[in-house]
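Content type compact mmCIF, C-alpha atoms, from the file start.txt:
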```txt
# COMPACT_ATOMS: atom_id res chain seq x y z
CA MET A 30 -0.57 0.29 7.84
CA MET A 31 -1.05 -2.79 5.70
CA ARG A 32 0.53 -2.63 2.26
CA ILE A 33 -1.61 -3.94 -0.56
CA ILE A 34 -0.65 -3.97 -4.23
CA THR A 35 -3.57 -4.53 -6.57
CA ILE A 36 -2.97 -5.64 -10.13
CA SER A 37 -5.54 -5.16 -12.85
CA ARG A 38 -4.40 -6.64 -16.12
CA GLU A 39 -5.24 -7.35 -19.70
CA PHE A 40 -5.42 -11.06 -20.46
CA GLY A 41 -2.04 -12.25 -21.76
CA SER A 42 -0.11 -9.21 -20.55
CA GLY A 43 1.83 -11.07 -17.87
CA GLY A 44 0.06 -9.32 -14.99
CA ARG A 45 -0.14 -12.54 -13.02
CA GLU A 46 3.59 -13.24 -13.43
CA LEU A 47 4.41 -9.68 -12.43
CA GLY A 48 2.16 -10.00 -9.36
CA LYS A 49 3.75 -13.28 -8.35
CA ARG A 50 7.25 -11.84 -8.71
CA LEU A 51 6.35 -8.72 -6.74
CA SER A 52 4.98 -10.85 -3.91
CA GLU A 53 8.19 -12.90 -3.85
CA LEU A 54 10.48 -9.85 -3.99
CA LEU A 55 8.59 -8.03 -1.25
CA GLY A 56 7.72 -11.03 0.90
CA TYR A 57 3.99 -10.34 0.55
CA ALA A 58 1.15 -12.84 0.47
CA TYR A 59 -0.22 -13.49 -3.01
CA TYR A 60 -3.88 -13.84 -3.95
CA ASP A 61 -5.17 -14.70 -7.36
CA ARG A 62 -6.89 -18.04 -7.97
CA GLU A 63 -6.89 -18.43 -4.21
CA ILE A 64 -9.85 -16.04 -4.20
CA VAL A 65 -11.81 -18.15 -6.65
CA ALA A 66 -11.00 -21.25 -4.61
CA ALA A 67 -12.26 -19.59 -1.41
CA ILE A 68 -15.53 -18.52 -3.06
CA ALA A 69 -16.02 -21.99 -4.52
CA GLU A 70 -15.44 -23.58 -1.14
CA ASN A 71 -17.72 -21.18 0.72
CA LYS A 72 -20.48 -21.69 -1.83
CA GLY A 73 -19.91 -25.40 -2.44
CA MET A 74 -19.41 -24.78 -6.16
CA ASN A 75 -17.03 -25.77 -8.90
CA GLU A 76 -14.02 -23.40 -9.28
CA SER A 77 -14.25 -22.99 -13.04
CA TYR A 78 -17.94 -22.10 -12.76
CA VAL A 79 -17.09 -19.44 -10.15
CA GLU A 80 -14.27 -18.11 -12.33
CA LYS A 81 -16.55 -17.79 -15.35
CA LEU A 82 -19.35 -16.08 -13.51
CA THR A 83 -17.19 -13.64 -11.58
CA GLU A 84 -14.82 -12.55 -14.28
CA SER A 85 -15.61 -13.67 -17.80
CA GLN A 86 -18.54 -12.77 -19.96
CA ALA A 87 -20.99 -14.73 -17.88
CA MET A 88 -23.78 -15.22 -20.34
CA LYS A 89 -21.50 -16.32 -23.16
CA SER A 90 -20.12 -19.11 -21.05
CA VAL A 91 -23.57 -20.57 -20.39
CA PRO A 92 -25.01 -23.13 -22.85
CA MET A 93 -27.18 -21.62 -25.55
CA HIS A 94 -30.37 -23.55 -24.67
CA PHE A 95 -30.07 -22.15 -21.16
CA ARG A 96 -29.38 -18.57 -22.27
CA SER A 97 -32.36 -18.59 -24.62
CA SER A 98 -34.73 -18.98 -21.68
CA LEU A 99 -35.53 -15.69 -19.98
CA SER A 100 -35.92 -17.26 -16.56
CA GLY A 101 -32.53 -18.92 -17.08
CA GLY A 102 -31.05 -15.51 -17.84
CA ILE A 103 -32.48 -14.05 -14.68
CA ALA A 104 -31.27 -17.01 -12.63
CA MET A 105 -27.75 -16.58 -14.04
CA GLY A 106 -27.82 -12.88 -13.26
CA GLN A 107 -28.78 -13.70 -9.70
CA ALA A 108 -26.09 -16.37 -9.42
CA ARG A 109 -23.51 -13.90 -10.69
CA THR A 110 -24.58 -11.23 -8.23
CA ASP A 111 -24.38 -13.74 -5.35
CA LEU A 112 -20.90 -14.78 -6.38
CA LEU A 113 -19.69 -11.18 -6.77
CA LEU A 114 -20.98 -10.43 -3.26
CA GLU A 115 -19.15 -13.50 -1.95
CA GLN A 116 -16.01 -12.35 -3.81
CA LYS A 117 -16.28 -8.96 -2.10
CA LYS A 118 -16.48 -10.69 1.30
CA VAL A 119 -13.43 -12.85 0.55
CA ILE A 120 -11.39 -9.83 -0.54
CA GLU A 121 -12.44 -7.82 2.51
CA ALA A 122 -11.46 -10.78 4.69
CA ILE A 123 -7.99 -10.73 3.09
CA ALA A 124 -7.67 -7.06 4.04
CA ARG A 125 -8.70 -7.85 7.61
CA THR A 126 -5.78 -10.26 8.03
CA GLY A 127 -3.55 -7.18 8.09
CA LYS A 128 -0.82 -8.99 6.13
CA ASN A 129 0.88 -7.18 3.26
CA CYS A 130 -0.23 -8.72 -0.01
CA VAL A 131 -0.53 -8.63 -3.78
CA ILE A 132 -4.03 -9.20 -5.16
CA VAL A 133 -4.46 -9.92 -8.86
CA GLY A 134 -7.71 -8.91 -10.55
CA ARG A 135 -11.24 -9.07 -9.12
CA ASN A 136 -11.50 -5.29 -8.76
CA ALA A 137 -9.65 -5.41 -5.46
CA ASP A 138 -8.37 -1.87 -6.16
CA VAL A 139 -11.92 -0.57 -5.88
CA LEU A 140 -13.18 -2.93 -3.16
CA LEU A 141 -10.20 -2.13 -0.91
CA GLN A 142 -10.11 1.60 -1.61
CA ASP A 143 -10.18 2.30 2.15
CA SER A 144 -6.92 0.41 2.61
CA ALA A 145 -5.21 2.75 0.09
CA PRO A 146 -3.62 0.09 -2.11
CA PHE A 147 -0.90 0.74 -4.68
CA LYS A 148 -2.78 0.24 -7.92
CA LEU A 149 -1.08 -1.21 -10.94
CA PHE A 150 -2.52 -1.82 -14.40
CA VAL A 151 -0.65 -4.21 -16.67
CA CYS A 152 -1.19 -4.15 -20.43
CA ALA A 153 0.58 -5.08 -23.66
CA ASP A 154 -0.07 -4.67 -27.34
CA MET A 155 -2.15 -7.40 -28.97
CA ASP A 156 0.74 -9.10 -30.80
CA ALA A 157 2.68 -9.50 -27.56
CA LYS A 158 -0.40 -10.85 -25.75
CA ILE A 159 -1.14 -13.38 -28.50
CA ARG A 160 2.52 -14.49 -28.47
CA ARG A 161 2.51 -14.91 -24.71
CA CYS A 162 -0.76 -16.86 -24.70
CA MET A 163 0.30 -19.13 -27.60
CA GLU A 164 3.58 -19.94 -25.82
CA ARG A 165 1.74 -20.86 -22.66
CA ALA A 166 -1.19 -22.76 -24.18
CA GLY A 167 -1.42 -26.46 -23.36
CA GLU A 168 -1.42 -29.09 -26.11
CA ASP A 169 -5.19 -29.48 -25.76
CA GLU A 170 -5.96 -25.78 -26.22
CA LYS A 171 -4.15 -24.87 -29.40
CA LEU A 172 -5.97 -21.93 -30.99
CA SER A 173 -5.16 -20.06 -34.19
CA ARG A 174 -3.86 -16.49 -33.81
CA LYS A 175 -7.28 -15.21 -34.84
CA GLU A 176 -9.06 -17.41 -32.29
CA MET A 177 -6.59 -16.37 -29.59
CA GLU A 178 -7.16 -12.70 -30.34
CA ARG A 179 -10.94 -13.23 -30.10
CA ARG A 180 -10.47 -15.03 -26.80
CA ILE A 181 -8.29 -12.25 -25.37
CA ARG A 182 -10.80 -9.59 -26.41
CA ALA A 183 -13.73 -11.56 -24.96
CA ILE A 184 -12.02 -12.10 -21.61
CA ASP A 185 -11.04 -8.44 -21.31
CA LYS A 186 -14.56 -7.39 -22.27
CA GLY A 187 -15.81 -9.57 -19.42
CA ARG A 188 -13.36 -7.92 -17.01
CA ALA A 189 -14.48 -4.47 -18.09
CA GLN A 190 -18.11 -5.49 -17.56
CA ALA A 191 -17.46 -7.00 -14.13
CA ARG A 192 -15.81 -3.71 -13.15
CA GLN A 193 -18.91 -1.72 -14.05
CA ILE A 194 -20.72 -3.47 -11.21
CA VAL A 195 -18.42 -1.93 -8.59
CA THR A 196 -17.42 1.45 -10.06
CA ASP A 197 -18.23 4.02 -12.73
CA ILE A 198 -14.53 4.45 -13.52
CA ALA A 199 -13.74 2.38 -16.59
CA TRP A 200 -11.44 -0.63 -16.46
CA GLY A 201 -8.02 0.47 -17.66
CA ASP A 202 -8.73 4.20 -17.23
CA ARG A 203 -5.22 5.57 -16.73
CA THR A 204 -6.12 7.89 -13.87
CA ALA A 205 -7.61 5.03 -11.81
CA TYR A 206 -4.17 3.47 -11.28
CA HIS A 207 -0.86 4.73 -9.96
CA LEU A 208 1.07 3.10 -12.76
CA THR A 209 0.15 1.48 -16.08
CA VAL A 210 2.90 -0.65 -17.46
CA ASN A 211 3.14 -2.11 -20.94
CA THR A 212 5.04 -5.38 -20.70
CA ALA A 213 5.41 -5.91 -24.48
CA GLU A 214 9.12 -5.09 -24.59
CA TRP A 215 10.11 -6.35 -21.18
CA ASP A 216 11.31 -9.47 -19.52
CA ILE A 217 8.98 -9.39 -16.50
CA LYS A 218 11.75 -10.75 -14.28
CA GLU A 219 13.78 -7.61 -15.02
CA LEU A 220 10.81 -5.29 -14.68
CA ALA A 221 9.53 -6.58 -11.33
CA PRO A 222 12.28 -5.17 -9.03
CA MET A 223 11.78 -1.68 -10.49
CA ILE A 224 8.02 -1.81 -9.98
CA ALA A 225 8.60 -3.13 -6.45
CA GLY A 226 10.87 -0.14 -5.81
CA ILE A 227 8.22 2.30 -6.99
CA ALA A 228 5.53 0.63 -4.86
CA ASN A 229 7.79 0.64 -1.80
CA CYS A 230 8.56 4.31 -2.27
CA TRP A 231 4.86 5.07 -2.64
CA PHE A 232 4.01 3.16 0.56
CA GLU A 233 6.73 5.04 2.46
CA ARG A 234 5.28 8.32 1.22
CA ARG A 235 1.78 7.23 2.23
CA GLU A 236 2.96 6.34 5.70
CA ASN A 237 4.74 9.69 6.14
CA ASP A 238 2.05 11.80 4.61
CA THR A 239 -1.61 12.26 5.38
CA VAL A 240 -2.24 14.29 2.24
CA ILE A 241 -2.70 11.19 0.08
CA GLY A 242 -6.16 10.03 -0.78
CA SER A 243 -7.19 11.86 -3.91
CA LEU A 244 -6.83 8.88 -6.19
CA MET B 12 22.26 4.11 -30.43
CA MET B 13 20.82 7.46 -29.43
CA ARG B 14 18.58 7.38 -26.36
CA ILE B 15 15.41 9.43 -26.65
CA ILE B 16 12.72 9.67 -23.98
CA THR B 17 9.44 11.10 -25.25
CA ILE B 18 6.89 12.45 -22.82
CA SER B 19 3.24 12.82 -23.73
CA ARG B 20 1.26 14.42 -20.95
CA GLU B 21 -2.06 15.70 -19.78
CA PHE B 22 -2.04 19.42 -19.14
CA GLY B 23 -1.33 20.07 -15.45
CA SER B 24 0.00 16.57 -14.75
CA GLY B 25 3.60 17.68 -14.20
CA GLY B 26 4.89 16.00 -17.37
CA ARG B 27 7.12 18.95 -18.14
CA GLU B 28 8.67 18.92 -14.65
CA LEU B 29 9.21 15.18 -14.87
CA GLY B 30 10.85 15.59 -18.29
CA LYS B 31 13.12 18.34 -17.04
CA ARG B 32 14.18 16.27 -14.03
CA LEU B 33 14.80 13.18 -16.17
CA SER B 34 17.02 15.21 -18.50
CA GLU B 35 19.00 16.54 -15.53
CA LEU B 36 19.34 13.14 -13.85
CA LEU B 37 20.43 11.43 -17.05
CA GLY B 38 22.47 14.28 -18.52
CA TYR B 39 20.28 14.38 -21.63
CA ALA B 40 19.38 17.41 -23.73
CA TYR B 41 15.87 18.72 -23.10
CA TYR B 42 13.40 19.89 -25.74
CA ASP B 43 10.04 21.39 -25.04
CA ARG B 44 9.36 25.05 -25.83
CA GLU B 45 12.68 24.99 -27.68
CA ILE B 46 10.81 23.23 -30.50
CA VAL B 47 8.21 25.99 -30.72
CA ALA B 48 10.97 28.61 -30.67
CA ALA B 49 12.78 26.86 -33.53
CA ILE B 50 9.62 26.66 -35.64
CA ALA B 51 8.83 30.32 -34.94
CA GLU B 52 12.33 31.34 -35.94
CA ASN B 53 12.37 29.22 -39.11
CA LYS B 54 8.99 30.58 -40.16
CA GLY B 55 9.48 34.14 -38.94
CA MET B 56 6.40 33.89 -36.71
CA ASN B 57 5.33 34.69 -33.20
CA GLU B 58 5.95 31.84 -30.70
CA SER B 59 2.54 31.94 -29.08
CA TYR B 60 0.87 31.78 -32.50
CA VAL B 61 2.97 28.72 -33.36
CA GLU B 62 2.15 27.12 -30.00
CA LYS B 63 -1.57 27.62 -30.50
CA LEU B 64 -1.65 26.29 -34.03
CA THR B 65 0.55 23.27 -33.41
CA GLU B 66 -0.88 22.05 -30.14
CA SER B 67 -4.04 23.73 -28.96
CA GLN B 68 -7.46 23.68 -30.51
CA ALA B 69 -6.45 25.82 -33.42
CA MET B 70 -9.80 27.13 -34.54
CA LYS B 71 -10.92 28.10 -31.07
CA SER B 72 -7.91 30.34 -30.65
CA VAL B 73 -8.67 32.32 -33.78
CA PRO B 74 -10.99 35.35 -33.54
CA MET B 75 -14.62 34.60 -34.30
CA HIS B 76 -14.92 37.00 -37.25
CA PHE B 77 -12.02 35.19 -38.86
CA ARG B 78 -13.36 31.72 -38.15
CA SER B 79 -16.75 32.59 -39.60
CA SER B 80 -15.25 33.14 -43.01
CA LEU B 81 -14.83 29.93 -44.95
CA SER B 82 -11.71 31.13 -46.75
CA GLY B 83 -10.28 32.11 -43.38
CA GLY B 84 -10.96 28.57 -42.13
CA ILE B 85 -9.15 27.06 -45.07
CA ALA B 86 -6.25 29.47 -44.65
CA MET B 87 -5.95 28.51 -40.96
CA GLY B 88 -6.05 24.83 -41.84
CA GLN B 89 -3.25 25.38 -44.33
CA ALA B 90 -1.22 27.43 -41.82
CA ARG B 91 -1.61 24.67 -39.26
CA THR B 92 -0.53 21.99 -41.72
CA ASP B 93 2.54 24.04 -42.67
CA LEU B 94 3.50 24.47 -39.03
CA LEU B 95 3.00 20.79 -38.23
CA LEU B 96 5.25 19.90 -41.16
CA GLU B 97 7.85 22.37 -39.89
CA GLN B 98 7.51 20.83 -36.41
CA LYS B 99 8.17 17.40 -37.90
CA LYS B 100 11.33 18.73 -39.55
CA VAL B 101 12.56 20.31 -36.30
CA ILE B 102 11.97 17.09 -34.36
CA GLU B 103 13.71 14.99 -37.01
CA ALA B 104 16.64 17.41 -36.92
CA ILE B 105 16.89 16.87 -33.14
CA ALA B 106 17.12 13.12 -33.76
CA ARG B 107 19.86 13.68 -36.35
CA THR B 108 22.09 15.39 -33.77
CA GLY B 109 22.57 11.94 -32.25
CA LYS B 110 22.54 13.38 -28.72
CA ASN B 111 20.52 11.62 -26.03
CA CYS B 112 17.49 13.73 -25.17
CA VAL B 113 14.10 14.14 -23.55
CA ILE B 114 11.37 15.55 -25.80
CA VAL B 115 8.14 16.77 -24.24
CA GLY B 116 4.94 16.64 -26.31
CA ARG B 117 4.55 17.33 -30.03
CA ASN B 118 3.97 13.65 -30.87
CA ALA B 119 7.70 13.03 -30.92
CA ASP B 120 7.00 9.41 -29.87
CA VAL B 121 5.30 8.81 -33.22
CA LEU B 122 7.51 11.06 -35.37
CA LEU B 123 10.68 9.41 -34.04
CA GLN B 124 9.39 5.85 -34.05
CA ASP B 125 12.44 4.74 -36.07
CA SER B 126 14.75 5.89 -33.27
CA ALA B 127 12.93 3.56 -30.82
CA PRO B 128 12.32 6.09 -28.04
CA PHE B 129 11.28 5.19 -24.51
CA LYS B 130 7.69 6.44 -24.44
CA LEU B 131 6.20 7.86 -21.30
CA PHE B 132 2.68 9.16 -20.75
CA VAL B 133 2.09 11.37 -17.72
CA CYS B 134 -1.40 11.86 -16.32
CA ALA B 135 -3.15 12.79 -13.08
CA ASP B 136 -6.71 12.94 -11.85
CA MET B 137 -8.55 16.18 -12.51
CA ASP B 138 -8.40 17.47 -8.92
CA ALA B 139 -4.63 17.12 -8.82
CA LYS B 140 -4.26 18.83 -12.20
CA ILE B 141 -6.46 21.75 -11.18
CA ARG B 142 -4.50 22.11 -7.93
CA ARG B 143 -1.19 22.08 -9.75
CA CYS B 144 -2.33 24.62 -12.34
CA MET B 145 -3.85 26.94 -9.72
CA GLU B 146 -0.62 26.89 -7.69
CA ARG B 147 1.42 27.79 -10.76
CA ALA B 148 -0.91 30.39 -12.28
CA GLY B 149 0.43 33.93 -12.44
CA GLU B 150 -1.39 36.82 -10.76
CA ASP B 151 -2.79 37.90 -14.12
CA GLU B 152 -4.29 34.52 -14.98
CA LYS B 153 -6.37 33.64 -11.96
CA LEU B 154 -9.17 31.34 -13.07
CA SER B 155 -11.90 29.74 -11.00
CA ARG B 156 -11.69 25.95 -10.49
CA LYS B 157 -14.44 25.49 -13.06
CA GLU B 158 -12.64 27.70 -15.60
CA MET B 159 -9.37 25.90 -14.96
CA GLU B 160 -11.03 22.53 -15.49
CA ARG B 161 -12.49 23.77 -18.80
CA ARG B 162 -9.07 25.04 -19.84
CA ILE B 163 -7.38 21.73 -19.00
CA ARG B 164 -9.99 19.76 -20.95
CA ALA B 165 -9.74 22.10 -23.96
CA ILE B 166 -5.95 21.88 -24.10
CA ASP B 167 -5.96 18.09 -23.84
CA LYS B 168 -8.66 17.89 -26.50
CA GLY B 169 -6.36 19.93 -28.76
CA ARG B 170 -3.47 17.57 -28.05
CA ALA B 171 -5.62 14.55 -28.86
CA GLN B 172 -6.68 16.20 -32.13
CA ALA B 173 -3.12 17.15 -33.10
CA ARG B 174 -2.14 13.51 -32.57
CA GLN B 175 -4.78 12.28 -35.02
CA ILE B 176 -2.84 14.02 -37.78
CA VAL B 177 0.18 11.77 -37.28
CA THR B 178 -1.28 8.45 -36.10
CA ASP B 179 -4.47 6.43 -35.76
CA ILE B 180 -3.50 5.36 -32.24
CA ALA B 181 -5.35 7.56 -29.78
CA TRP B 182 -3.53 10.02 -27.53
CA GLY B 183 -3.18 8.40 -24.11
CA ASP B 184 -3.90 4.86 -25.36
CA ARG B 185 -2.09 2.77 -22.77
CA THR B 186 -0.50 0.36 -25.24
CA ALA B 187 1.11 3.20 -27.22
CA TYR B 188 3.51 3.97 -24.33
CA HIS B 189 5.95 1.91 -22.31
CA LEU B 190 4.77 3.45 -19.07
CA THR B 191 1.83 5.60 -18.00
CA VAL B 192 2.38 7.30 -14.69
CA ASN B 193 -0.21 9.06 -12.59
CA THR B 194 1.55 11.84 -10.69
CA ALA B 195 -1.41 12.71 -8.42
CA GLU B 196 0.08 11.19 -5.28
CA TRP B 197 3.75 11.82 -5.99
CA ASP B 198 6.36 14.42 -5.43
CA ILE B 199 7.82 14.46 -8.94
CA LYS B 200 11.31 14.96 -7.53
CA GLU B 201 10.99 11.59 -5.78
CA LEU B 202 9.42 9.89 -8.76
CA ALA B 203 11.95 11.02 -11.38
CA PRO B 204 14.94 8.82 -10.35
CA MET B 205 12.76 5.70 -10.44
CA ILE B 206 11.45 6.51 -13.90
CA ALA B 207 15.01 7.28 -15.02
CA GLY B 208 16.04 3.84 -13.74
CA ILE B 209 13.28 2.13 -15.72
CA ALA B 210 14.17 4.06 -18.89
CA ASN B 211 17.86 3.21 -18.49
CA CYS B 212 17.10 -0.45 -18.02
CA TRP B 213 14.87 -0.40 -21.09
CA PHE B 214 17.62 1.25 -23.20
CA GLU B 215 20.12 -1.35 -22.05
CA ARG B 216 17.73 -4.09 -23.05
CA ARG B 217 17.15 -2.44 -26.43
CA GLU B 218 20.88 -2.24 -27.06
CA ASN B 219 21.40 -5.90 -26.17
CA ASP B 220 18.39 -7.19 -27.99
CA THR B 221 17.25 -6.95 -31.56
CA VAL B 222 13.82 -8.43 -30.83
CA ILE B 223 12.38 -5.10 -29.72
CA GLY B 224 10.26 -3.12 -32.09
CA SER B 225 6.72 -4.36 -31.65
CA LEU B 226 5.51 -1.25 -29.85
```
Show how you would write the structure in this file as structure tokens.
Amino acid sequence: MMRIITISREFGSGGRELGKRLSELLGYAYYDREIVAAIAENKGMNESYVEKLTESQAMKSVPMHFRSSLSGGIAMGQARTDLLLEQKKVIEAIARTGKNCVIVGRNADVLLQDSAPFKLFVCADMDAKIRRCMERAGEDEKLSRKEMERRIRAIDKGRAQARQIVTDIAWGDRTAYHLTVNTAEWDIKELAPMIAGIANCWFERRENDTVIGSL
Amino acid sequence: MMRIITISREFGSGGRELGKRLSELLGYAYYDREIVAAIAENKGMNESYVEKLTESQAMKSVPMHFRSSLSGGIAMGQARTDLLLEQKKVIEAIARTGKNCVIVGRNADVLLQDSAPFKLFVCADMDAKIRRCMERAGEDEKLSRKEMERRIRAIDKGRAQARQIVTDIAWGDRTAYHLTVNTAEWDIKELAPMIAGIANCWFERRENDTVIGSL
């Protein structure tokens, strides 16, 4: 059976880095922005527009004059729904390839429930997330700590909202994942092999055991 | 530096079994009901009374005629405060022994913050917890599934309340722990060595690194 690791993550927690390292350690395919790119290509749209509408707080990312019009709001809602349906198709197509993979974000844990993925949630305390984001920010996107914190909260709020479309179980709810790891006091390079070991062990159990399926 | 693993856990999640196994694998001392026994001895009280007042929903466990009297309510509140202070002393005394240990429950993660413990939260989905509790229930405490679910929720509510006395950070908040593990699809015997490995690696990092301390 195909082995899929899904990673849900707070913005700035290093979930993407952990996912990338897991895919390298395990020799799995890796999907993250690749999903956005596929949706954009299929729909003939700009990638950053797709990213905003599928994961961030959609309405906040749309110009004010557009949001203030009710018909505009409805149109955006429709556009978002279309893109989320396309995202679902892209993720299901990944599962049909049958290749072991790591998928970061996009509620793949819920969408691919039938493939029994190993579900990881990656978080960190706010100070660690701000530090990580400030270190990685480009010269043209220097924000103050306060602005960075607002940005992190807004992005995570958008992720929690996008999740509500596919499941009633809240984003980050500890029982919805096999493991929730706080990266604040870790070097992710050190952490990754241990998480890979746990995932491997879980997959072996799943393959030897038909009892699984309650999560 | 002393190595302390603290385990916070949902009732029925197997946190106690995981703690016991970690202590055996690592050769650490193990504290769980030992803490209640010490408080009971120091205060000359019954263990189950101490257990109820320090961890469960105190007022619910007190007879109705007693609860209905305001002075009784105040007396119980005072008794609970006294016991929680005694519990704090017992836990601090454990830390002063300097011996590596696993401590289950009793907000030891917060009380021993200065000793930089490795903080684990153990959870499981409700079905798995009910199953585990039903399997372990004695002949004299057979509850229906519905009753067991109510019992689990009540005990965890009491734990969440007891935590509010020592910290503003909610019980189970993912960023308050290094790792949150859902035991629903695991054999705890298989899981324990992997968690022990992660804790060991974290302690080694802590001992080689003065940066830690943000959590």
I'd like a table as a tab-separated table: residues in chain B with an atom no more than 9 Å from chain A, each row giving the shortest atom pair and its distance in Å to one decimal, only C-alpha atoms counted, sorted by chain and rising residue number.
```
residue	atom	partner	partner_atom	distance
B:Cys134	CA	A:Thr204	CA	6.6
B:Ala135	CA	A:Thr204	CA	5.8
B:Asp136	CA	A:Thr204	CA	5.5
B:Met137	CA	A:Thr204	CA	8.7
B:Asp138	CA	A:Ser243	CA	7.6
B:Ala139	CA	A:Ser243	CA	7.6
B:Gly183	CA	A:Arg203	CA	8.2
B:Asp184	CA	A:Arg203	CA	8.8
B:Arg185	CA	A:Thr209	CA	7.2
B:Thr186	CA	A:Asp154	CA	5.5
B:Ala187	CA	A:Asp154	CA	8.0
B:Tyr188	CA	A:Asn211	CA	7.0
B:His189	CA	A:Asn211	CA	5.1
B:Leu190	CA	A:Val210	CA	4.8
B:Thr191	CA	A:Thr209	CA	4.8
B:Val192	CA	A:Leu208	CA	4.8
B:Asn193	CA	A:His207	CA	5.1
B:Thr194	CA	A:His207	CA	7.5
B:Ala195	CA	A:Leu244	CA	7.0
B:Glu196	CA	A:Ile241	CA	6.0
B:Trp197	CA	A:Trp231	CA	7.6
B:Glu201	CA	A:Cys230	CA	8.4
B:Leu202	CA	A:Ile227	CA	7.9
B:Met205	CA	A:Ile227	CA	6.6
B:Ile206	CA	A:Ile227	CA	8.7
B:Gly208	CA	A:Met223	CA	7.7
B:Ile209	CA	A:Met223	CA	6.6
B:Cys212	CA	A:Glu219	CA	8.4
B:Trp213	CA	A:Trp215	CA	7.6
B:Arg216	CA	A:Trp215	CA	8.2
B:Arg217	CA	A:Glu214	CA	8.7
B:Val222	CA	A:Glu214	CA	8.5
B:Ile223	CA	A:Glu214	CA	6.1
B:Gly224	CA	A:Glu214	CA	7.8
B:Ser225	CA	A:Ala213	CA	7.5
B:Leu226	CA	A:Asp154	CA	7.0
```
(request) Grab the CA of Tyr59 in chain A to CA of Glu164 in chain A distance for me, in Å with one decimal place. (result) 24.0 Å
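When all atoms listed in the file are used to compute distances to Ala148 in chain B, the closest of the residues B:Ala181, B:Gly23, B:Leu36, B:Cys112 turns out to be B:Gly23.
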(request) Quick one: pull the distance between CA of Asp125 in chain B and CA of Asn219 in chain B, Å, one decimal. (result) 17.1 Å
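From CA of Ala203 in chain B back to CA of Glu160 in chain B, the distance works out to 26.0 Å.
Every residue within 10 Å of the file position (-9.2, -8.9, -22.4), judged by only C-alpha atoms, is given as Arg38, Glu39, Phe40, Gly41, Ser42, Ser85, Cys152, Met155, Lys158, Glu178, Arg179, Arg180, Ile181, Arg182, Ala183, Ile184, Asp185, Lys186, Gly187, Arg188 and Ala189 of chain A.
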(message) When you count only C-alpha atoms, which of these residues is closest to Val131 in chain A: A:Glu63, A:Glu236, A:Glu170, A:Glu176?
(response) A:Glu63
Residues near Glu76 in chain A, cut-off 8 Å, all atoms listed in the file, skip fewer than 5 positions along chain, as a short mmCIF file (atom, residue, chain, number, x, y, z; two decimals) with C-alpha atoms, keeping the file's coordinate frame:
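Produced file result_36.cif, reproduced below:
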```cif
data_model
loop_
_atom_site.label_atom_id
_atom_site.label_comp_id
_atom_site.auth_asym_id
_atom_site.auth_seq_id
_atom_site.Cartn_x
_atom_site.Cartn_y
_atom_site.Cartn_z
CA VAL A 65 -11.81 -18.15 -6.65
CA ALA A 66 -11.00 -21.25 -4.61
CA ALA A 69 -16.02 -21.99 -4.52
#
```
(request) Excluding Met145 in chain B and any residue of its chain fewer than 5 positions from it, enumerate the residues within 8 Å of it, using all atoms listed in the file, and give them as a PyMOL selection string. (result) chain B and resi 153-154+156+159
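For the choices B:Ile141, B:Ile18, B:Met12, B:Ala207, the atom-to-atom distance to Gly38 in chain B is smallest for B:Ala207 when using only C-alpha atoms.
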(message) With distances taken over all atoms listed in the file, which residue among A:Ala228, A:Leu114, A:Cys162, A:Met74 lies nearest Pro146 in chain A?
(response)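 Among A:Ala228, A:Leu114, A:Cys162, A:Met74, it is A:Ala228 that comes nearest to Pro146 in chain A.
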(request) Find the residue from B:Ala104, B:Val121, B:Val115, B:Ile199 that sits nearest to Trp182 in chain B; use all atoms listed in the file when measuring. (result) B:Val121
